[in-house]
$ cat start23.tsv   # TSV, C-alpha atoms
chain	number	residue	atom	x	y	z
Z	1	MET	CA	8.87	-4.87	-9.00
Z	2	SER	CA	5.30	-4.08	-8.08
Z	3	TYR	CA	2.49	-5.39	-5.96
Z	4	ALA	CA	-0.37	-6.97	-7.92
Z	5	PHE	CA	-4.04	-7.49	-7.20
Z	6	VAL	CA	-4.95	-11.04	-6.16
Z	7	SER	CA	-8.55	-11.04	-4.94
Z	8	ALA	CA	-11.19	-9.24	-2.91
Z	9	GLY	CA	-13.91	-10.12	-0.48
Z	10	THR	CA	-17.58	-9.73	-1.35
Z	11	GLY	CA	-18.08	-6.53	0.62
Z	12	ALA	CA	-20.81	-5.84	3.17
Z	13	GLY	CA	-23.04	-3.09	4.52
Z	14	GLY	CA	-24.40	-2.33	7.96
Z	15	THR	CA	-24.98	0.34	10.58
Z	16	THR	CA	-23.17	-0.05	13.92
Z	17	SER	CA	-21.00	-2.96	12.80
Z	18	LEU	CA	-19.70	-4.73	9.71
Z	19	SER	CA	-18.81	-8.36	9.07
Z	20	LEU	CA	-16.44	-8.19	6.12
Z	21	PRO	CA	-15.66	-11.48	4.34
Z	22	PHE	CA	-11.98	-12.03	3.63
Z	23	PRO	CA	-11.03	-13.23	0.14
Z	24	ALA	CA	-11.75	-16.95	-0.15
Z	25	THR	CA	-8.03	-17.75	0.09
Z	26	THR	CA	-5.22	-15.68	1.58
Z	27	VAL	CA	-1.49	-16.27	1.23
Z	28	SER	CA	0.96	-15.67	4.04
Z	29	GLY	CA	2.98	-12.52	3.40
Z	30	ASN	CA	0.43	-10.90	1.09
Z	31	LEU	CA	-0.86	-7.41	1.81
Z	32	LEU	CA	-4.47	-7.09	2.99
Z	33	ILE	CA	-6.26	-3.74	2.76
Z	34	ALA	CA	-9.58	-3.15	4.50
Z	35	VAL	CA	-11.57	-0.02	3.74
Z	36	VAL	CA	-14.70	1.25	5.52
Z	37	CYS	CA	-16.94	4.21	4.67
Z	38	ASN	CA	-19.47	5.20	7.32
Z	39	LYS	CA	-21.79	7.90	8.64
Z	40	TYR	CA	-21.36	9.99	10.65
Z	41	PRO	CA	-18.33	11.82	11.98
Z	42	ALA	CA	-17.38	11.63	14.77
Z	43	ASN	CA	-18.45	7.97	14.99
Z	44	ALA	CA	-15.26	6.43	13.65
Z	45	PRO	CA	-14.83	2.65	13.39
Z	46	THR	CA	-12.69	0.95	16.02
Z	47	THR	CA	-9.45	-0.25	14.45
Z	48	PRO	CA	-9.62	-4.07	14.30
Z	49	SER	CA	-7.03	-5.97	16.30
Z	50	GLY	CA	-3.88	-6.71	14.30
Z	51	TRP	CA	-4.56	-4.02	11.68
Z	52	THR	CA	-2.82	-0.68	11.10
Z	53	LEU	CA	-4.89	2.43	10.41
Z	54	GLN	CA	-3.29	4.23	7.46
Z	55	LYS	CA	-5.67	7.17	7.12
Z	56	GLN	CA	-9.09	8.26	8.34
Z	57	PRO	CA	-10.34	11.51	6.78
Z	58	PHE	CA	-13.91	12.76	6.84
Z	59	GLY	CA	-15.86	15.14	4.68
Z	60	GLY	CA	-19.03	15.72	2.70
Z	61	ALA	CA	-21.76	18.28	2.15
Z	62	GLY	CA	-25.09	19.18	3.69
Z	63	ALA	CA	-26.73	18.26	6.97
Z	64	SER	CA	-26.86	14.68	8.21
Z	65	GLY	CA	-29.59	12.72	6.48
Z	66	ALA	CA	-30.38	10.27	3.69
Z	67	ASP	CA	-28.04	10.84	0.73
Z	68	THR	CA	-26.45	13.86	2.37
Z	69	GLY	CA	-24.02	14.84	5.15
Z	70	SER	CA	-20.41	13.83	5.87
Z	71	VAL	CA	-18.71	10.44	5.95
Z	72	PHE	CA	-15.68	8.83	7.56
Z	73	LEU	CA	-13.31	6.91	5.28
Z	74	SER	CA	-10.96	4.48	7.08
Z	75	VAL	CA	-8.19	2.49	5.39
Z	76	TYR	CA	-6.42	-0.32	7.27
Z	77	THR	CA	-3.57	-2.66	6.30
Z	78	LYS	CA	-2.32	-6.01	7.54
Z	79	VAL	CA	0.15	-8.68	6.44
Z	80	ALA	CA	-1.78	-11.89	5.81
Z	81	ASP	CA	-0.84	-14.97	7.85
Z	82	GLY	CA	-2.59	-17.29	5.40
Z	83	THR	CA	-5.40	-18.36	7.73
Z	84	GLU	CA	-7.88	-15.54	7.04
Z	85	GLY	CA	-9.53	-17.06	3.98
Z	86	GLY	CA	-13.16	-18.09	4.51
Z	87	THR	CA	-13.53	-16.03	7.69
Z	88	ASN	CA	-14.94	-12.56	8.38
Z	89	LEU	CA	-13.43	-9.41	9.84
Z	90	SER	CA	-15.61	-7.78	12.49
Z	91	VAL	CA	-15.59	-3.96	12.54
Z	92	THR	CA	-17.36	-2.06	15.32
Z	93	ILE	CA	-18.82	1.40	14.65
Z	94	THR	CA	-20.26	2.67	17.92
Z	95	ALA	CA	-23.38	4.81	17.32
Z	96	GLY	CA	-22.93	4.42	13.58
Z	97	ASN	CA	-25.71	5.09	11.08
Z	98	ALA	CA	-24.63	3.58	7.73
Z	99	ALA	CA	-21.49	1.74	6.66
Z	100	ILE	CA	-19.98	-0.22	3.79
Z	101	GLY	CA	-16.62	-1.96	3.48
Z	102	ASN	CA	-14.48	-4.54	1.72
Z	103	ILE	CA	-11.10	-6.30	1.93
Z	104	PHE	CA	-8.55	-6.47	-0.89
Z	105	GLN	CA	-5.50	-8.74	-1.24
Z	106	TYR	CA	-2.26	-7.83	-3.05
Z	107	SER	CA	0.87	-9.92	-3.59
Z	108	PRO	CA	4.53	-8.94	-4.12
Z	109	SER	CA	6.45	-10.02	-7.22
Z	110	ALA	CA	9.29	-11.46	-5.13
Z	111	ALA	CA	9.04	-13.84	-2.18
Z	112	GLN	CA	11.66	-12.04	-0.10
Z	113	SER	CA	10.11	-8.58	-0.21
Z	114	THR	CA	7.82	-6.36	1.78
Z	115	PHE	CA	5.83	-3.19	1.19
Z	116	GLN	CA	6.16	0.49	1.92
Z	117	ILE	CA	2.99	2.54	2.18
Z	118	VAL	CA	2.54	6.27	2.04
Z	119	ALA	CA	-0.99	7.42	2.80
Z	120	ALA	CA	-0.93	10.56	0.76
Z	121	SER	CA	-4.19	12.12	1.54
Z	122	GLY	CA	-7.03	12.34	3.83
Z	123	THR	CA	-8.76	14.77	1.58
Z	124	TYR	CA	-12.39	15.32	0.67
Z	125	ASP	CA	-14.81	16.61	-1.95
Z	126	ALA	CA	-17.25	18.97	-0.25
Z	127	SER	CA	-18.68	20.36	-3.45
Z	128	ALA	CA	-21.71	18.43	-4.68
Z	129	GLY	CA	-21.67	17.77	-8.40
Z	130	ALA	CA	-21.18	15.05	-10.98
Z	131	SER	CA	-17.47	15.85	-11.27
Z	132	TRP	CA	-15.60	14.47	-8.24
Z	133	SER	CA	-12.18	16.07	-7.79
Z	134	VAL	CA	-9.67	15.89	-4.94
Z	135	THR	CA	-6.04	16.95	-4.59
Z	136	GLY	CA	-3.65	15.13	-2.29
Z	137	ASN	CA	-2.17	17.19	0.50
Z	138	ALA	CA	1.44	16.38	-0.46
Z	139	ASP	CA	3.71	14.91	-3.09
Z	140	ILE	CA	3.88	11.22	-2.18
Z	141	GLY	CA	7.12	10.50	-4.05
Z	142	ILE	CA	5.70	8.22	-6.74
Z	143	LEU	CA	8.37	6.19	-8.57
Z	144	THR	CA	8.40	3.74	-11.45
Z	145	GLY	CA	6.91	0.40	-10.40
Z	146	ASP	CA	4.73	1.80	-7.61
Z	147	LEU	CA	1.05	0.98	-7.34
Z	148	VAL	CA	-1.42	3.73	-6.43
Z	149	LEU	CA	-4.84	2.92	-4.96
Z	150	VAL	CA	-7.57	5.53	-4.53
Z	151	PHE	CA	-10.45	4.92	-2.10
Z	152	SER	CA	-13.49	7.22	-2.09
Z	153	GLY	CA	-16.30	7.20	0.47
Z	154	ILE	CA	-19.48	8.94	-0.69
Z	155	ASN	CA	-22.53	10.27	1.14
Z	156	THR	CA	-25.17	8.73	-1.15
Z	157	ASP	CA	-26.12	5.42	-2.73
Z	158	ALA	CA	-27.84	7.10	-5.68
Z	159	TYR	CA	-25.15	6.93	-8.37
Z	160	SER	CA	-22.50	4.88	-10.08
Z	161	TYR	CA	-19.05	6.21	-11.01
Z	162	SER	CA	-16.82	6.10	-14.06
Z	163	LEU	CA	-13.85	7.76	-15.78
Z	164	GLU	CA	-11.64	7.46	-12.71
Z	165	ALA	CA	-8.32	9.18	-13.43
Z	166	ILE	CA	-5.24	10.39	-11.60
Z	167	THR	CA	-2.47	12.81	-12.53
Z	168	SER	CA	0.75	13.87	-10.87
Z	169	THR	CA	3.57	15.95	-12.30
Z	170	GLY	CA	6.34	13.69	-13.61
Z	171	VAL	CA	4.24	10.51	-13.55
Z	172	THR	CA	2.95	8.26	-16.35
Z	173	PHE	CA	0.18	6.00	-15.07
Z	174	GLY	CA	-0.94	2.76	-16.69
Z	175	THR	CA	-4.50	1.62	-17.33
Z	176	MET	CA	-6.93	2.18	-14.47
Z	177	THR	CA	-8.82	-0.77	-12.98
Z	178	GLU	CA	-11.97	-0.18	-10.95
Z	179	ARG	CA	-11.93	-2.58	-8.00
Z	180	ALA	CA	-15.19	-1.49	-6.37
Z	181	ASP	CA	-18.26	0.64	-7.05
Z	182	ALA	CA	-20.67	-0.42	-4.34
Z	183	VAL	CA	-23.47	1.06	-2.23
Z	184	THR	CA	-25.51	0.24	0.83
Z	185	THR	CA	-29.07	1.28	1.63
Z	186	SER	CA	-28.50	0.72	5.34
Z	187	GLY	CA	-29.24	3.80	7.43
Z	188	ASP	CA	-28.78	7.06	5.53
Z	189	ASP	CA	-26.89	5.45	2.62
Z	190	VAL	CA	-23.20	5.50	1.64
Z	191	ALA	CA	-21.09	4.29	-1.27
Z	192	LEU	CA	-17.52	3.10	-1.84
Z	193	VAL	CA	-15.40	3.40	-5.00
Z	194	VAL	CA	-11.91	1.90	-5.34
Z	195	ALA	CA	-9.64	2.59	-8.32
Z	196	GLU	CA	-6.20	1.09	-9.00
Z	197	PHE	CA	-3.42	2.74	-11.03
Z	198	PRO	CA	-0.11	1.05	-11.93
Z	199	VAL	CA	2.83	3.41	-12.39
Z	200	GLN	CA	4.75	2.99	-15.64
Z	201	GLU	CA	7.34	5.74	-15.35
Z	202	ALA	CA	7.71	8.28	-12.63
Z	203	ARG	CA	9.50	10.63	-10.34
Z	204	SER	CA	6.69	12.75	-8.99
Z	205	SER	CA	7.19	16.37	-7.99
Z	206	ALA	CA	3.67	17.43	-7.00
Z	207	ALA	CA	0.62	16.19	-5.11
Z	208	PRO	CA	-1.63	13.82	-7.08
Z	209	VAL	CA	-5.01	14.93	-8.37
Z	210	TYR	CA	-7.84	12.38	-8.61
Z	211	THR	CA	-11.09	12.75	-10.52
Z	212	MET	CA	-14.12	10.64	-11.39
Z	213	THR	CA	-17.59	11.23	-12.79
Z	214	ALA	CA	-20.89	10.42	-11.06
Z	215	SER	CA	-23.98	9.34	-12.98
Z	216	GLY	CA	-26.01	12.10	-11.31
Z	217	THR	CA	-26.01	14.87	-8.75
Z	218	ALA	CA	-28.20	16.71	-6.23
Z	219	ALA	CA	-27.93	19.68	-3.90
Z	220	SER	CA	-25.70	17.93	-1.33
Z	221	ASN	CA	-24.34	14.92	-3.18
Z	222	PRO	CA	-22.18	13.26	-4.22
Z	223	ALA	CA	-19.62	14.42	-1.67
Z	224	GLY	CA	-17.30	12.68	0.78
Z	225	ALA	CA	-13.69	11.71	1.46
Z	226	THR	CA	-10.81	10.18	-0.50
Z	227	VAL	CA	-7.59	8.40	0.50
Z	228	ILE	CA	-4.71	8.04	-1.98
Z	229	LEU	CA	-2.41	5.17	-1.08
Z	230	ARG	CA	0.97	4.53	-2.66
Z	231	ILE	CA	2.38	1.00	-2.36
Z	232	ARG	CA	6.02	0.22	-3.15
Z	233	GLU	CA	7.64	-3.19	-3.13
Z	234	LEU	CA	10.94	-3.37	-1.24
Z	235	LEU	CA	13.41	-6.20	-0.99
Z	236	TYR	CA	14.27	-7.16	2.56
Z	237	GLY	CA	17.38	-5.33	3.64
Z	238	ALA	CA	16.52	-2.15	1.72
Z	239	THR	CA	17.62	0.92	3.63
Z	240	ASN	CA	14.12	2.38	3.66
Z	241	PHE	CA	12.39	-0.79	4.86
Z	242	PHE	CA	9.41	-0.23	7.08
Z	243	GLY	CA	5.93	-1.53	7.59
Z	244	GLY	CA	4.59	-4.90	6.62
Z	245	GLY	CA	5.98	-7.83	8.53
Z	246	SER	CA	9.46	-8.73	9.64
Z	247	PRO	CA	12.48	-9.55	7.53
Z	248	PRO	CA	13.54	-13.20	7.39
Z	249	ALA	CA	15.57	-14.33	10.39
Z	250	ARG	CA	19.27	-13.88	9.86
Z	251	GLN	CA	21.75	-16.60	10.78
Z	252	ALA	CA	23.88	-15.77	13.82
Z	253	GLN	CA	27.29	-14.50	12.79
Z	254	PRO	CA	30.44	-15.76	14.55
Z	255	SER	CA	32.26	-13.23	16.69
Z	256	SER	CA	35.54	-14.12	15.02
Z	257	VAL	CA	36.61	-16.11	12.02
Z	258	GLU	CA	39.70	-18.31	11.79
Z	259	PHE	CA	41.31	-19.28	8.52
Z	260	ALA	CA	43.48	-22.40	8.25
Z	261	TYR	CA	46.17	-22.26	5.60
Z	262	ALA	CA	49.64	-23.73	4.99
Z	263	VAL	CA	52.77	-21.74	4.18
Z	264	PRO	CA	55.08	-23.55	1.76
Z	265	GLN	CA	58.60	-24.13	3.07
Z	266	ILE	CA	61.19	-22.56	0.79
Z	267	LYS	CA	64.73	-23.81	0.72
Z	268	LEU	CA	67.24	-21.09	0.02
Z	269	LYS	CA	69.49	-23.36	-2.01
Z	270	ASP	CA	66.67	-23.98	-4.45
Z	271	TYR	CA	67.10	-20.38	-5.58
Z	272	GLY	CA	70.89	-20.34	-5.60
Z	273	LEU	CA	71.06	-18.62	-2.25
Z	274	ARG	CA	73.07	-19.38	0.82
Z	275	LYS	CA	72.82	-18.04	4.28
Z	276	GLY	CA	74.67	-14.77	4.68
Z	277	ARG	CA	75.43	-14.14	1.01
Z	278	ALA	CA	73.89	-14.27	-2.35
Z	279	LYS	CA	75.22	-16.42	-5.15
Z	280	THR	CA	76.04	-14.29	-8.16
Z	281	HIS	CA	76.43	-15.19	-11.77
Z	282	GLU	CA	78.78	-13.20	-13.98
Z	283	SER	CA	77.46	-12.19	-17.34
Z	284	PRO	CA	79.40	-13.54	-20.31
Z	285	TYR	CA	79.30	-10.07	-21.84
Z	286	ASN	CA	81.52	-8.74	-19.04
Z	287	LYS	CA	84.40	-11.00	-20.01
$ encode --input "start23.tsv" --output "structure tokens"
Amino acid sequence: MSYAFVSAGTGAGGTTSLSLPFPATTVSGNLLIAVVCNKYPANAPTTPSGWTLQKQPFGGAGASGADTGSVFLSVYTKVADGTEGGTNLSVTITAGNAAIGNIFQYSPSAAQSTFQIVAASGTYDASAGASWSVTGNADIGILTGDLVLVFSGINTDAYSYSLEAITSTGVTFGTMTERADAVTTSGDDVALVVAEFPVQEARSSAAPVYTMTASGTAASNPAGATVILRIRELLYGATNFFGGGSPPARQAQPSSVEFAYAVPQIKLKDYGLRKGRAKTHESPYNK
């Protein structure tokens, strides 16, 4: 069982606020993930009502300015109610300078299931260079059937990104899919890259390592923050259920149960028995 990508919004840029379009259609019970990259720390976005903040690291390189400095990367989750399609999510960034964001929708393979999320890392790449590399701050317990999403917020709009890859001891990942490689020229410029990795076979024993390659580099870019998110599908009633909606309502159980049954009446004489003594039969071999 594994969550699967359904659709994404169109993404949007801004400065002190964002209006992020939801996917055109949402399905009740699906998982929605909103991600926002913005300048500058400590001007973090306000968590939208009804959403859960999973992780919000910051990092970068150089002084604040165009194509340089540090960024915030915020990842939020929500269970869709099915009415979001065609509307926009408003995100407020008080005293913000530049921001970009998008919303992604994922569905479970089974109707009666939910999700478990482990936000592995609020880590960052503070070393400018074409080779982006971050290591999660813990083993996130990746297992077969999990889905791993990697979100990277970058302090420049100057480049595109490719060769996204992830490794973790004991894990075989499937083919990577790039879900976003977008920039905004608002303010001092930021970019957002989202990569998706299905897990084919796994029992991880070390923190994941994520890398990608930028199309260029300068003295203080690209640099920024990364969040590694592990999503696991759980059937309702699983012992480690948490996060993502409520299990289906259970039917009230009776406080006691009565069984109606009949006991057959046995007549002793039917078995050659009489009250007080047993009827015996002498064997012919004793004669």
$ closest_residue --input "start23.tsv" --among "Z:Leu20, Z:Ala214, Z:Ala195, Z:Ala8" --to "Trp132 in chain Z" --atoms "only C-alpha atoms"
Z:Ala214
$ residues_near_point --input "start23.tsv" --point "(-24.1, 12.3, -16.9)" --cutoff "12 Å" --atoms "all atoms listed in the file" --output "number ranges by chain"
Z: 129-131, 159-163, 212-217
$ residues_near_point --input "start23.tsv" --point "(-27.3, 14.9, 6.4)" --cutoff "12 Å" --atoms "only C-alpha atoms" --output "ChimeraX atom specification"
/Z:39-41,59-71,97-98,155-156,187-190,219-224
$ closest_residue --input "start23.tsv" --among "Z:Leu147, Z:Met176, Z:Ile140, Z:Leu192" --to "Pro208 in chain Z" --atoms "only C-alpha atoms"
Z:Ile140
$ closest_residue --input "start23.tsv" --among "Z:Gln116, Z:Thr26, Z:Asn88, Z:Thr52" --to "Arg230 in chain Z" --atoms "all atoms listed in the file"
Z:Gln116
$ atom_distance --input "start23.tsv" --atom1 "CA of Thr25 in chain Z" --atom2 "CA of Val118 in chain Z"
26.3 Å
$ atom_distance --input "start23.tsv" --atom1 "CA of Gln56 in chain Z" --atom2 "CA of Val150 in chain Z"
13.2 Å
$ atom_distance --input "start23.tsv" --atom1 "CA of Ser109 in chain Z" --atom2 "CA of Arg179 in chain Z"
19.8 Å
$ residues_around --input "start23.tsv" --residues "Phe104 in chain Z" --least-positions-apart "2" --cutoff "9 Å" --atoms "only C-alpha atoms" --output "list in words"
Phe5, Val6, Ser7, Ala8, Gly9, Phe22, Pro23, Leu31, Leu32, Ile33, Ala34, Val35, Asn102, Tyr106 and Arg179 of chain Z
$ write_last_selection --input "start23.tsv" --atoms "C-alpha atoms" --output "compact mmCIF listing (two decimals), in the frame of the given file"
# COMPACT_ATOMS: atom_id res chain seq x y z
CA PHE Z 5 -4.04 -7.49 -7.20
CA VAL Z 6 -4.95 -11.04 -6.16
CA SER Z 7 -8.55 -11.04 -4.94
CA ALA Z 8 -11.19 -9.24 -2.91
CA GLY Z 9 -13.91 -10.12 -0.48
CA PHE Z 22 -11.98 -12.03 3.63
CA PRO Z 23 -11.03 -13.23 0.14
CA LEU Z 31 -0.86 -7.41 1.81
CA LEU Z 32 -4.47 -7.09 2.99
CA ILE Z 33 -6.26 -3.74 2.76
CA ALA Z 34 -9.58 -3.15 4.50
CA VAL Z 35 -11.57 -0.02 3.74
CA ASN Z 102 -14.48 -4.54 1.72
CA TYR Z 106 -2.26 -7.83 -3.05
CA ARG Z 179 -11.93 -2.58 -8.00
$ closest_residue --input "start23.tsv" --among "Z:Gly13, Z:Phe115, Z:Asn43, Z:Glu201" --to "Asp157 in chain Z" --atoms "all atoms listed in the file"
Z:Gly13
$ closest_residue --input "start23.tsv" --among "Z:Thr123, Z:Ser28, Z:Thr184, Z:Thr47" --to "Gly11 in chain Z" --atoms "only C-alpha atoms"
Z:Thr184
$ closest_residue --input "start23.tsv" --among "Z:Ala110, Z:Ala42, Z:Ala12, Z:Leu143" --to "Asn30 in chain Z" --atoms "all atoms listed in the file"
Z:Ala110
$ axis_aligned_box --input "start23.tsv" --around "range 33-38 of chain Z" --padding-each-side "8 Å" --output "lines of an AutoDock Vina configuration file"
center_x = -12.9
center_y = 0.7
center_z = 5.0
size_x = 29.2
size_y = 24.9
size_z = 20.6
$ residues_around --input "start23.tsv" --residues "Val91 in chain Z" --least-positions-apart "3" --cutoff "10 Å" --atoms "all atoms listed in the file" --output "list in words"
Thr16, Ser17, Leu18, Ser19, Leu20, Val36, Pro45, Thr46, Thr47, Pro48, Ser49, Asn88, Thr94 and Gly101 of chain Z
